[in-house]
file work_5.tsv (TSV, C-alpha atoms and all ligand atoms)
chain	number	residue	atom	x	y	z
A	1	MET	CA	0.47	-134.53	-95.83
A	2	ARG	CA	2.94	-134.44	-92.95
A	3	ASN	CA	4.57	-131.08	-92.15
A	4	PRO	CA	4.69	-129.42	-95.56
A	5	ILE	CA	7.55	-126.94	-95.95
A	6	ILE	CA	7.87	-124.80	-99.07
A	7	VAL	CA	11.38	-124.91	-100.49
A	8	THR	CA	11.93	-122.20	-103.09
A	9	GLY	CA	14.68	-123.26	-105.46
A	10	GLY	CA	14.03	-126.86	-104.41
A	11	ALA	CA	15.11	-128.15	-107.83
A	12	GLY	CA	18.55	-126.57	-107.49
A	13	TYR	CA	21.79	-127.88	-106.04
A	14	ILE	CA	21.56	-126.99	-102.35
A	15	GLY	CA	17.75	-126.86	-102.43
A	16	SER	CA	17.39	-130.45	-103.62
A	17	HIS	CA	19.84	-131.78	-101.03
A	18	THR	CA	17.87	-129.92	-98.38
A	19	CYS	CA	14.63	-131.49	-99.65
A	20	LYS	CA	16.19	-134.91	-99.11
A	21	ALA	CA	17.27	-133.97	-95.58
A	22	LEU	CA	13.83	-132.53	-94.79
A	23	HIS	CA	12.16	-135.71	-95.96
A	24	ALA	CA	14.46	-137.80	-93.76
A	25	ALA	CA	13.56	-135.55	-90.81
A	26	GLY	CA	9.82	-136.14	-91.23
A	27	TYR	CA	8.80	-133.14	-93.34
A	28	THR	CA	7.24	-132.96	-96.79
A	29	PRO	CA	9.38	-130.64	-98.90
A	30	VAL	CA	7.28	-128.84	-101.49
A	31	SER	CA	9.64	-127.58	-104.15
A	32	TYR	CA	8.71	-124.19	-105.64
A	33	ASP	CA	11.05	-123.52	-108.54
A	34	ASN	CA	10.76	-121.62	-111.82
A	35	MET	CA	13.05	-124.20	-113.49
A	36	VAL	CA	15.35	-121.60	-115.03
A	37	TYR	CA	18.30	-123.42	-113.46
A	38	GLY	CA	16.52	-126.25	-111.63
A	39	HIS	CA	16.38	-129.90	-112.71
A	40	HIS	CA	13.27	-132.05	-112.77
A	41	TRP	CA	15.34	-135.07	-111.78
A	42	ALA	CA	16.40	-133.31	-108.59
A	43	VAL	CA	12.85	-133.13	-107.18
A	44	ARG	CA	12.33	-136.52	-105.60
A	45	TRP	CA	11.17	-136.11	-102.03
A	46	GLY	CA	7.92	-134.22	-102.30
A	47	PRO	CA	5.59	-132.32	-104.63
A	48	HIS	CA	6.98	-130.12	-107.34
A	49	GLU	CA	5.28	-126.79	-107.98
A	50	VAL	CA	6.67	-124.86	-110.92
A	51	GLY	CA	6.42	-121.17	-110.18
A	52	ASP	CA	8.33	-117.96	-109.90
A	53	ILE	CA	8.97	-115.94	-106.76
A	54	HIS	CA	7.76	-112.87	-108.67
A	55	ASP	CA	4.39	-114.45	-109.30
A	56	ARG	CA	2.28	-113.43	-106.33
A	57	THR	CA	-0.85	-115.17	-107.63
A	58	ARG	CA	1.01	-118.45	-108.01
A	59	ILE	CA	2.66	-118.12	-104.59
A	60	ASP	CA	-0.74	-117.43	-103.01
A	61	ALA	CA	-2.22	-120.52	-104.64
A	62	VAL	CA	0.64	-122.75	-103.44
A	63	LEU	CA	0.53	-121.35	-99.89
A	64	GLU	CA	-3.22	-121.88	-99.78
A	65	GLU	CA	-2.95	-125.41	-101.08
A	66	TYR	CA	-0.20	-126.63	-98.73
A	67	ARG	CA	-0.60	-124.29	-95.73
A	68	PRO	CA	3.07	-124.58	-94.75
A	69	THR	CA	4.26	-123.40	-91.35
A	70	ALA	CA	7.64	-122.30	-92.71
A	71	ILE	CA	9.56	-121.59	-95.90
A	72	ILE	CA	13.16	-122.35	-96.82
A	73	HIS	CA	14.22	-119.85	-99.43
A	74	PHE	CA	16.98	-120.74	-101.90
A	75	ALA	CA	15.60	-119.35	-105.18
A	76	ALA	CA	18.16	-116.85	-106.43
A	77	TYR	CA	20.66	-116.20	-109.18
A	78	ALA	CA	24.16	-116.96	-107.99
A	79	TYR	CA	26.76	-116.14	-110.63
A	80	VAL	CA	29.02	-113.47	-109.16
A	81	GLY	CA	30.55	-112.45	-112.51
A	82	GLU	CA	27.15	-112.13	-114.16
A	83	SER	CA	25.96	-110.00	-111.27
A	84	MET	CA	28.72	-107.48	-112.03
A	85	GLN	CA	27.66	-107.29	-115.69
A	86	ASP	CA	23.91	-107.32	-115.13
A	87	PRO	CA	23.20	-106.11	-111.59
A	88	GLY	CA	19.55	-105.38	-112.38
A	89	LYS	CA	18.93	-109.06	-112.97
A	90	TYR	CA	20.25	-109.82	-109.48
A	91	TYR	CA	18.42	-107.04	-107.67
A	92	ARG	CA	15.19	-107.86	-109.49
A	93	ASN	CA	15.28	-111.58	-108.87
A	94	ASN	CA	17.07	-111.93	-105.56
A	95	VAL	CA	15.77	-108.79	-103.84
A	96	ALA	CA	12.45	-107.88	-105.47
A	97	GLY	CA	11.48	-111.54	-105.85
A	98	THR	CA	12.19	-112.16	-102.19
A	99	LEU	CA	10.14	-109.10	-101.27
A	100	THR	CA	7.16	-110.61	-103.09
A	101	LEU	CA	7.67	-113.84	-101.19
A	102	LEU	CA	7.96	-112.06	-97.83
A	103	GLU	CA	4.77	-110.08	-98.45
A	104	ALA	CA	2.96	-113.28	-99.33
A	105	MET	CA	4.25	-114.91	-96.13
A	106	ARG	CA	3.10	-111.92	-94.12
A	107	ASP	CA	-0.37	-112.03	-95.66
A	108	HIS	CA	-0.69	-115.79	-95.11
A	109	GLY	CA	0.53	-115.60	-91.51
A	110	ILE	CA	3.68	-117.66	-92.13
A	111	ASP	CA	6.25	-116.42	-89.66
A	112	LYS	CA	9.28	-118.70	-90.07
A	113	LEU	CA	11.92	-118.53	-92.81
A	114	VAL	CA	15.33	-120.10	-93.35
A	115	PHE	CA	17.26	-118.02	-95.85
A	116	SER	CA	20.11	-119.03	-98.11
A	117	SER	CA	22.65	-116.24	-97.62
A	118	SER	CA	26.32	-116.15	-98.44
A	119	CYS	CA	29.78	-115.33	-97.22
A	120	ALA	CA	29.75	-112.97	-100.23
A	121	THR	CA	27.90	-110.57	-97.91
A	122	TYR	CA	31.19	-110.01	-96.02
A	123	GLY	CA	33.22	-108.80	-98.98
A	124	LEU	CA	36.98	-108.65	-98.49
A	125	PRO	CA	37.80	-110.18	-95.12
A	126	GLU	CA	39.49	-108.03	-92.52
A	127	GLN	CA	40.49	-111.19	-90.70
A	128	VAL	CA	40.02	-114.93	-91.14
A	129	PRO	CA	38.36	-117.09	-90.06
A	130	ILE	CA	35.32	-114.89	-90.56
A	131	ALA	CA	32.76	-114.83	-87.75
A	132	GLU	CA	29.22	-113.51	-87.97
A	133	GLU	CA	30.19	-110.17	-86.42
A	134	HIS	CA	32.56	-109.39	-89.27
A	135	PRO	CA	31.46	-106.23	-91.12
A	136	GLN	CA	29.26	-106.94	-94.13
A	137	ARG	CA	30.59	-104.95	-97.08
A	138	PRO	CA	29.90	-106.95	-100.21
A	139	ILE	CA	32.02	-106.26	-103.27
A	140	ASN	CA	29.62	-107.47	-105.96
A	141	PRO	CA	25.87	-107.17	-106.66
A	142	TYR	CA	25.30	-110.83	-105.87
A	143	GLY	CA	26.63	-110.35	-102.32
A	144	THR	CA	24.78	-107.04	-102.01
A	145	SER	CA	21.52	-108.68	-103.06
A	146	LYS	CA	21.90	-111.30	-100.31
A	147	LEU	CA	22.71	-108.62	-97.74
A	148	MET	CA	19.70	-106.55	-98.79
A	149	VAL	CA	17.51	-109.57	-98.15
A	150	GLU	CA	19.05	-109.97	-94.69
A	151	TRP	CA	18.03	-106.36	-94.02
A	152	MET	CA	14.50	-106.99	-95.28
A	153	LEU	CA	14.25	-109.98	-92.96
A	154	ARG	CA	15.21	-107.80	-90.00
A	155	ASP	CA	12.62	-105.17	-90.90
A	156	PHE	CA	9.85	-107.72	-91.54
A	157	GLY	CA	10.75	-109.20	-88.18
A	158	ASP	CA	10.40	-105.86	-86.41
A	159	ALA	CA	7.19	-104.92	-88.20
A	160	HIS	CA	5.40	-108.22	-88.73
A	161	GLY	CA	6.95	-110.75	-86.35
A	162	LEU	CA	8.78	-112.77	-89.02
A	163	ARG	CA	11.47	-114.99	-87.50
A	164	ALA	CA	14.26	-115.79	-89.93
A	165	ILE	CA	17.57	-117.59	-89.79
A	166	ALA	CA	20.04	-116.58	-92.50
A	167	LEU	CA	22.71	-119.16	-93.27
A	168	ARG	CA	25.84	-117.67	-94.79
A	169	TYR	CA	27.53	-120.41	-96.75
A	170	PHE	CA	31.14	-120.62	-97.69
A	171	ASN	CA	31.90	-122.91	-100.68
A	172	ALA	CA	29.19	-125.53	-101.08
A	173	ALA	CA	30.63	-128.65	-102.68
A	174	GLY	CA	30.22	-132.42	-103.00
A	175	ALA	CA	27.16	-134.50	-103.78
A	176	ASP	CA	24.63	-136.64	-101.97
A	177	PRO	CA	26.60	-139.63	-100.58
A	178	ALA	CA	24.01	-142.01	-102.08
A	179	SER	CA	24.49	-140.25	-105.46
A	180	ASP	CA	20.76	-139.59	-105.78
A	181	ILE	CA	21.48	-135.97	-106.66
A	182	GLY	CA	24.50	-133.74	-107.12
A	183	GLU	CA	25.86	-130.55	-108.58
A	184	SER	CA	24.89	-129.75	-112.16
A	185	HIS	CA	25.19	-126.11	-113.22
A	186	ASP	CA	25.01	-124.77	-116.74
A	187	PRO	CA	27.28	-122.94	-117.18
A	188	GLU	CA	29.52	-124.55	-114.57
A	189	THR	CA	31.90	-122.10	-112.95
A	190	HIS	CA	32.78	-123.83	-109.68
A	191	LEU	CA	36.21	-125.24	-109.13
A	192	ILE	CA	35.51	-128.81	-107.98
A	193	PRO	CA	33.08	-129.83	-110.77
A	194	LEU	CA	35.39	-128.24	-113.35
A	195	VAL	CA	38.41	-130.16	-112.03
A	196	LEU	CA	36.36	-133.37	-112.00
A	197	ASP	CA	35.32	-132.73	-115.60
A	198	ALA	CA	39.00	-132.43	-116.50
A	199	ALA	CA	39.72	-135.71	-114.67
A	200	LEU	CA	36.95	-137.33	-116.72
A	201	GLY	CA	38.32	-135.91	-119.96
A	202	ARG	CA	35.23	-133.80	-120.55
A	203	ARG	CA	37.45	-130.76	-120.68
A	204	SER	CA	41.08	-130.64	-121.63
A	205	GLU	CA	42.36	-128.73	-118.61
A	206	VAL	CA	41.51	-126.39	-115.77
A	207	THR	CA	42.77	-122.85	-115.46
A	208	ILE	CA	44.03	-121.72	-112.09
A	209	PHE	CA	42.91	-118.14	-111.64
A	210	GLY	CA	46.17	-116.66	-110.40
A	211	ASP	CA	49.14	-118.20	-108.57
A	212	ASP	CA	50.64	-115.02	-107.16
A	213	TYR	CA	48.39	-114.53	-104.16
A	214	PRO	CA	49.92	-114.20	-100.68
A	215	THR	CA	49.09	-117.79	-99.76
A	216	VAL	CA	51.26	-120.87	-99.23
A	217	ASP	CA	51.31	-121.91	-102.89
A	218	GLY	CA	50.13	-118.62	-104.40
A	219	THR	CA	46.59	-119.86	-105.22
A	220	CYS	CA	43.35	-118.80	-103.52
A	221	ILE	CA	42.15	-120.54	-100.40
A	222	ARG	CA	38.50	-121.43	-99.81
A	223	ASP	CA	36.50	-123.21	-97.14
A	224	TYR	CA	34.67	-126.09	-98.86
A	225	ILE	CA	31.62	-127.46	-97.08
A	226	HIS	CA	29.72	-130.58	-98.06
A	227	VAL	CA	26.25	-129.91	-99.44
A	228	THR	CA	24.72	-132.61	-97.21
A	229	ASP	CA	26.17	-130.92	-94.12
A	230	LEU	CA	24.73	-127.65	-95.40
A	231	ALA	CA	21.37	-129.31	-95.95
A	232	GLN	CA	21.36	-130.63	-92.39
A	233	ALA	CA	22.00	-127.12	-91.09
A	234	HIS	CA	18.78	-125.97	-92.78
A	235	VAL	CA	16.82	-128.68	-90.99
A	236	LEU	CA	18.37	-127.65	-87.66
A	237	ALA	CA	17.58	-123.98	-88.35
A	238	LEU	CA	13.98	-124.85	-89.17
A	239	GLN	CA	13.65	-126.91	-85.99
A	240	ALA	CA	15.15	-124.07	-83.95
A	241	LEU	CA	12.55	-121.66	-85.36
A	242	GLU	CA	9.83	-124.16	-84.54
A	243	GLN	CA	11.09	-124.22	-80.98
A	244	GLY	CA	10.85	-120.43	-80.77
A	245	ALA	CA	14.32	-119.26	-81.76
A	246	SER	CA	14.72	-115.57	-82.55
A	247	SER	CA	16.05	-114.27	-85.84
A	248	THR	CA	19.77	-114.64	-86.35
A	249	ALA	CA	22.46	-115.48	-88.90
A	250	TYR	CA	24.99	-118.29	-88.88
A	251	ASN	CA	28.11	-118.98	-90.90
A	252	LEU	CA	28.48	-122.39	-92.45
A	253	GLY	CA	31.96	-123.55	-93.28
A	254	ASN	CA	34.35	-126.19	-92.00
A	255	GLY	CA	36.77	-123.68	-90.52
A	256	TYR	CA	39.78	-124.58	-92.62
A	257	GLY	CA	40.73	-123.73	-96.14
A	258	PHE	CA	42.27	-125.43	-99.14
A	259	SER	CA	44.11	-123.77	-101.99
A	260	VAL	CA	43.14	-124.28	-105.62
A	261	ARG	CA	46.28	-126.40	-106.04
A	262	GLU	CA	45.37	-128.51	-103.02
A	263	VAL	CA	41.93	-129.11	-104.52
A	264	ILE	CA	43.47	-130.23	-107.82
A	265	ASP	CA	45.96	-132.50	-105.98
A	266	CYS	CA	43.12	-133.98	-103.96
A	267	VAL	CA	41.08	-134.68	-107.11
A	268	GLU	CA	44.10	-136.42	-108.68
A	269	ARG	CA	44.55	-138.51	-105.53
A	270	VAL	CA	40.88	-139.47	-105.18
A	271	THR	CA	40.24	-140.15	-108.86
A	272	GLN	CA	43.66	-141.61	-109.66
A	273	ARG	CA	43.66	-139.51	-112.82
A	274	SER	CA	45.78	-136.59	-113.79
A	275	VAL	CA	44.37	-133.12	-114.26
A	276	PRO	CA	46.22	-130.75	-116.59
A	277	ALA	CA	46.28	-127.28	-115.03
A	278	LEU	CA	47.24	-123.98	-116.63
A	279	ILE	CA	47.96	-120.77	-114.79
A	280	GLY	CA	45.65	-117.97	-115.85
A	281	ALA	CA	44.98	-114.42	-114.79
A	282	ARG	CA	43.40	-113.59	-111.46
A	283	ARG	CA	39.59	-113.50	-111.51
A	284	PRO	CA	38.40	-110.03	-110.51
A	285	GLY	CA	36.89	-109.87	-107.06
A	286	ASP	CA	38.53	-113.05	-105.69
A	287	PRO	CA	39.80	-112.55	-102.13
A	288	PRO	CA	43.00	-114.56	-101.47
A	289	ARG	CA	41.62	-116.40	-98.46
A	290	LEU	CA	38.05	-117.05	-97.30
A	291	VAL	CA	37.54	-119.29	-94.30
A	292	GLY	CA	34.47	-119.36	-92.11
A	293	ASP	CA	34.17	-119.56	-88.36
A	294	SER	CA	31.10	-121.72	-87.67
A	295	THR	CA	31.51	-121.90	-83.91
A	296	ARG	CA	28.11	-120.33	-83.28
A	297	ILE	CA	25.96	-122.75	-85.23
A	298	ARG	CA	27.83	-125.66	-83.68
A	299	ALA	CA	27.26	-124.30	-80.19
A	300	GLU	CA	23.70	-123.03	-80.59
A	301	LEU	CA	22.12	-125.56	-82.98
A	302	GLY	CA	24.43	-128.52	-82.40
A	303	TRP	CA	25.44	-128.58	-86.06
A	304	GLN	CA	28.14	-131.14	-86.67
A	305	PRO	CA	29.58	-131.63	-90.14
A	306	VAL	CA	29.80	-135.30	-91.09
A	307	TYR	CA	31.55	-134.95	-94.45
A	308	ALA	CA	34.13	-132.32	-93.59
A	309	ALA	CA	37.21	-133.96	-95.11
A	310	LEU	CA	38.10	-132.62	-98.55
A	311	ASP	CA	38.74	-136.18	-99.75
A	312	THR	CA	35.18	-137.12	-98.79
A	313	ILE	CA	33.71	-134.03	-100.41
A	314	ILE	CA	35.55	-134.78	-103.63
A	315	ALA	CA	34.86	-138.53	-103.51
A	316	THR	CA	31.10	-137.93	-103.33
A	317	ALA	CA	31.26	-135.37	-106.15
A	318	TRP	CA	33.36	-137.80	-108.20
A	319	ARG	CA	30.88	-140.63	-107.78
A	320	TRP	CA	28.08	-138.31	-108.87
A	321	SER	CA	30.00	-136.94	-111.88
A	322	ARG	CA	30.80	-140.40	-113.17
A	323	GLN	CA	27.25	-141.61	-112.78
A	324	LYS	CA	26.00	-138.49	-114.48
A	325	LYS	CA	28.23	-139.33	-117.39
A	326	ALA	CA	26.91	-142.88	-117.53
A	327	ASP	CA	23.34	-141.62	-117.47
A	328	ASP	CA	24.06	-139.05	-120.16
A	329	GLN	CA	25.35	-141.84	-122.34
A	330	HIS	CA	22.50	-144.22	-121.68
A	331	GLY	CA	19.63	-141.84	-122.09
A	332	PRO	CA	18.73	-139.00	-119.88
A	333	ASN	CA	17.87	-139.96	-116.41
A	334	HIS	CA	19.31	-136.52	-115.90
A	335	VAL	CA	17.38	-134.19	-118.13
B	401	LIG	N1	38.95	-121.19	-109.55
B	401	LIG	C1	39.99	-121.43	-110.44
B	401	LIG	N2	39.67	-121.91	-111.68
B	401	LIG	C2	38.39	-122.16	-112.08
B	401	LIG	C3	37.34	-121.92	-111.17
B	401	LIG	C4	37.65	-121.44	-109.90
B	401	LIG	O1	41.15	-121.22	-110.11
B	401	LIG	O2	38.19	-122.57	-113.24
B	401	LIG	C5	39.26	-120.69	-108.19
B	401	LIG	C6	38.60	-119.37	-107.87
B	401	LIG	O3	39.41	-118.31	-108.27
B	401	LIG	C7	38.47	-119.47	-106.36
B	401	LIG	C8	38.30	-120.96	-106.09
B	401	LIG	O4	38.75	-121.62	-107.28
B	401	LIG	O5	39.65	-119.04	-105.73
B	401	LIG	C9	36.86	-121.35	-105.86
B	401	LIG	O6	36.07	-120.81	-106.90
B	401	LIG	P1	34.54	-121.14	-107.09
B	401	LIG	O7	34.07	-120.43	-108.32
B	401	LIG	O8	34.34	-122.62	-107.03
B	401	LIG	O9	33.83	-120.55	-105.79
B	401	LIG	P2	33.85	-119.05	-105.18
B	401	LIG	O10	34.95	-119.05	-104.15
B	401	LIG	O11	34.08	-118.10	-106.29
B	401	LIG	O12	32.52	-118.93	-104.56

call {"tool": "encode", "arguments": {"input": "work_5.tsv", "output": "structure tokens"}}
result
Amino acid sequence: MRNPIIVTGGAGYIGSHTCKALHAAGYTPVSYDNMVYGHHWAVRWGPHEVGDIHDRTRIDAVLEEYRPTAIIHFAAYAYVGESMQDPGKYYRNNVAGTLTLLEAMRDHGIDKLVFSSSCATYGLPEQVPIAEEHPQRPINPYGTSKLMVEWMLRDFGDAHGLRAIALRYFNAAGADPASDIGESHDPETHLIPLVLDAALGRRSEVTIFGDDYPTVDGTCIRDYIHVTDLAQAHVLALQALEQGASSTAYNLGNGYGFSVREVIDCVERVTQRSVPALIGARRPGDPPRLVGDSTRIRAELGWQPVYAALDTIIATAWRWSRQKKADDQHGPNHV
């Protein structure tokens, strides 16, 4: 087997797109996923090992079988609202589970990790665009759990020589341009898939969470980044570690933001369908404007987003959503 890399959460949204990118770059992605939120149909580019990051015996067996040189770690819960209601679930899975994984890596002599972190580690921005030096003061347990892992990575680096690159994503969006895989959350809470569902008539409308923010049209602004560009950044981070890079963290965004209304307008333009939108209450914990400064990863790893335009991001997600619908109707290709 050529260059096996363990991808925890490889059956999830960003994990599966990264498996495709790894495969194209000459690696064998070995998906390690407990299938709580993962999809069997999303694992297409390498072996699929069902297992939990809490299960040390299972992790040991998989590491012994594949003898990977590195791990890309996505497996985590990622619903911000749920993390406020049930923080223990987030600390147990995202923090304690990652600790089990790190100890296994240490004991198996695996010293390279790419970690799926988040702009949620920054909390409320003091200025935008947000660069890596911005203070990290998360405002919800999800963000705190990701920051705690970043701290564990630092300490495992100091004590055991682990080298880790944490990638702090802004808003992952879009789908594989070939429509092999795409976004499919249950429950779905993200703006773009919800707006596309409304365009498809799968839901009657979307609710805009507040239109009285201090932004151009009063709705929140986010930096949407295409999942395939994100996936490519993981491959670059892995290659940098292989070439001896030290531990660091990089932001991943496109560097410009779009309001909720602009996203809805763009969906209407791309799909040629209308999307009924209601104005609802603000969602607690939503900063008005989150935009990432990704200058460092561009300069240091040569990362170059290919699908940066919002129209492209939405067009790929649209293609995927429609196909998903067709498959749902004609028998589950998508389980
Ligand atoms: N949003 C919205 N209605 C929805 C879902 C999301 O207005 O039904 C807004 C949300 O308040 C935020 C933006 O869309 O400003 C992006 O939200 P999403 O949940 O996709 O990502 P987040 O920024 O929370 O990571």

call {"tool": "closest_residue", "arguments": {"input": "work_5.tsv", "among": "A:Arg282, A:His226, A:Phe170, A:Trp303", "to": "Thr316 of chain A", "atoms": "all atoms listed in the file"}}
result
A:His226

call {"tool": "atom_distance", "arguments": {"input": "work_5.tsv", "atom1": "atom CA of Phe156 of chain A", "atom2": "atom CA of Ile139 of chain A"}}
result
25.1 Å

call {"tool": "closest_residue", "arguments": {"input": "work_5.tsv", "among": "A:Ile53, A:Leu236, A:Val30, A:Cys266", "to": "Arg92 of chain A", "atoms": "only C-alpha atoms"}}
result
A:Ile53

call {"tool": "residues_around", "arguments": {"input": "work_5.tsv", "residues": "Ala281 of chain A", "least_positions_apart": "6", "cutoff": "9 Å", "atoms": "only C-alpha atoms", "output": "number ranges by chain"}}
result
A: 207-211

call {"tool": "closest_atom_pairs", "arguments": {"input": "work_5.tsv", "of": "chain A", "to": "ligand LIG 401 (chain B)", "cutoff": "9 Å", "atoms": "all atoms listed in the file", "output": "CSV"}}
result
residue,atom,partner,partner_atom,distance
A:Tyr79,CA,B:LIG401,O11,8.7
A:Val80,CA,B:LIG401,O11,7.4
A:Cys119,CA,B:LIG401,O12,8.6
A:Ala120,CA,B:LIG401,O12,7.9
A:Phe170,CA,B:LIG401,O12,7.2
A:Asn171,CA,B:LIG401,O12,5.6
A:Ala172,CA,B:LIG401,O12,8.2
A:Ala173,CA,B:LIG401,O8,8.3
A:Glu188,CA,B:LIG401,O7,8.8
A:Thr189,CA,B:LIG401,O7,5.4
A:His190,CA,B:LIG401,O8,3.3
A:Leu191,CA,B:LIG401,O8,3.8
A:Ile192,CA,B:LIG401,O8,6.4
A:Pro193,CA,B:LIG401,O8,8.2
A:Leu194,CA,B:LIG401,O2,6.3
A:Val195,CA,B:LIG401,O2,7.7
A:Val206,CA,B:LIG401,O2,5.7
A:Thr207,CA,B:LIG401,N2,5.0
A:Ile208,CA,B:LIG401,O1,3.5
A:Phe209,CA,B:LIG401,O1,3.9
A:Gly210,CA,B:LIG401,O1,6.8
A:Asp211,CA,B:LIG401,O1,8.7
A:Thr219,CA,B:LIG401,O5,7.0
A:Cys220,CA,B:LIG401,O5,4.3
A:Ile221,CA,B:LIG401,O5,6.1
A:Arg222,CA,B:LIG401,O10,6.1
A:Asp223,CA,B:LIG401,O10,8.3
A:Tyr224,CA,B:LIG401,C9,8.7
A:Ser259,CA,B:LIG401,O5,7.5
A:Val260,CA,B:LIG401,O4,5.4
A:Arg261,CA,B:LIG401,O1,8.3
A:Val263,CA,B:LIG401,O4,8.6
A:Ile279,CA,B:LIG401,O1,8.3
A:Gly280,CA,B:LIG401,O1,8.0
A:Arg282,CA,B:LIG401,O3,7.0
A:Arg283,CA,B:LIG401,O3,5.8
A:Pro284,CA,B:LIG401,O3,8.6
A:Gly285,CA,B:LIG401,O11,8.7
A:Asp286,CA,B:LIG401,O3,5.9
A:Pro287,CA,B:LIG401,O5,7.4
A:Pro288,CA,B:LIG401,O5,7.0
A:Arg289,CA,B:LIG401,O5,8.0
A:Leu290,CA,B:LIG401,O10,7.8

call {"tool": "atom_distance", "arguments": {"input": "work_5.tsv", "atom1": "atom CA of Ala233 of chain A", "atom2": "atom CA of His39 of chain A"}}
result
22.5 Å

call {"tool": "atom_distance", "arguments": {"input": "work_5.tsv", "atom1": "atom CA of Glu65 of chain A", "atom2": "atom CA of Asn3 of chain A"}}
result
13.0 Å

call {"tool": "residues_around", "arguments": {"input": "work_5.tsv", "residues": "Ile110 of chain A", "least_positions_apart": "5", "cutoff": "9 Å", "atoms": "only C-alpha atoms", "output": "short mmCIF file (atom, residue, chain, number, x, y, z; two decimals) with C-alpha atoms, keeping the file's coordinate frame"}}
result
data_model
loop_
_atom_site.label_atom_id
_atom_site.label_comp_id
_atom_site.auth_asym_id
_atom_site.auth_seq_id
_atom_site.Cartn_x
_atom_site.Cartn_y
_atom_site.Cartn_z
CA ARG A 67 -0.60 -124.29 -95.73
CA PRO A 68 3.07 -124.58 -94.75
CA THR A 69 4.26 -123.40 -91.35
CA ALA A 70 7.64 -122.30 -92.71
CA ILE A 71 9.56 -121.59 -95.90
CA ALA A 104 2.96 -113.28 -99.33
CA MET A 105 4.25 -114.91 -96.13
CA LEU A 162 8.78 -112.77 -89.02
#

call {"tool": "residues_near_point", "arguments": {"input": "work_5.tsv", "point": "(12.8, -118.8, -94.4)", "cutoff": "6 Å", "atoms": "all atoms listed in the file", "output": "tab-separated table (two decimals) with C-alpha atoms, keeping the file's coordinate frame"}}
result
chain	number	residue	atom	x	y	z
A	71	ILE	CA	9.56	-121.59	-95.90
A	72	ILE	CA	13.16	-122.35	-96.82
A	73	HIS	CA	14.22	-119.85	-99.43
A	112	LYS	CA	9.28	-118.70	-90.07
A	113	LEU	CA	11.92	-118.53	-92.81
A	114	VAL	CA	15.33	-120.10	-93.35
A	115	PHE	CA	17.26	-118.02	-95.85
A	164	ALA	CA	14.26	-115.79	-89.93

call {"tool": "closest_residue", "arguments": {"input": "work_5.tsv", "among": "A:Arg203, A:Cys19, A:Pro125, A:Gly109", "to": "His160 of chain A", "atoms": "only C-alpha atoms"}}
result
A:Gly109

call {"tool": "decode", "arguments": {"input": "work_5.tsv", "residues": "segment 172-191 of chain A", "atoms": "C-alpha atoms", "output": "PDB file, in the first residue's frame"}}
result
ATOM      1  CA  ALA A 172     -16.333  25.372   4.799  1.00  0.00           C
ATOM      2  CA  ALA A 173     -18.791  25.192   1.916  1.00  0.00           C
ATOM      3  CA  GLY A 174     -19.363  23.744  -1.547  1.00  0.00           C
ATOM      4  CA  ALA A 175     -18.956  20.212  -2.830  1.00  0.00           C
ATOM      5  CA  ASP A 176     -16.500  18.177  -4.851  1.00  0.00           C
ATOM      6  CA  PRO A 177     -16.523  19.706  -8.372  1.00  0.00           C
ATOM      7  CA  ALA A 178     -17.003  16.215  -9.865  1.00  0.00           C
ATOM      8  CA  SER A 179     -19.981  15.717  -7.501  1.00  0.00           C
ATOM      9  CA  ASP A 180     -18.520  12.478  -6.146  1.00  0.00           C
ATOM     10  CA  ILE A 181     -19.152  13.678  -2.598  1.00  0.00           C
ATOM     11  CA  GLY A 182     -20.628  16.711  -0.885  1.00  0.00           C
ATOM     12  CA  GLU A 183     -22.127  18.127   2.267  1.00  0.00           C
ATOM     13  CA  SER A 184     -24.764  16.032   4.011  1.00  0.00           C
ATOM     14  CA  HIS A 185     -25.372  16.792   7.678  1.00  0.00           C
ATOM     15  CA  ASP A 186     -28.237  15.552   9.795  1.00  0.00           C
ATOM     16  CA  PRO A 187     -29.406  17.827  11.253  1.00  0.00           C
ATOM     17  CA  GLU A 188     -28.294  20.440   8.726  1.00  0.00           C
ATOM     18  CA  THR A 189     -27.615  23.817  10.294  1.00  0.00           C
ATOM     19  CA  HIS A 190     -25.332  25.469   7.742  1.00  0.00           C
ATOM     20  CA  LEU A 191     -26.553  28.343   5.674  1.00  0.00           C
TER      21      LEU A 191
END
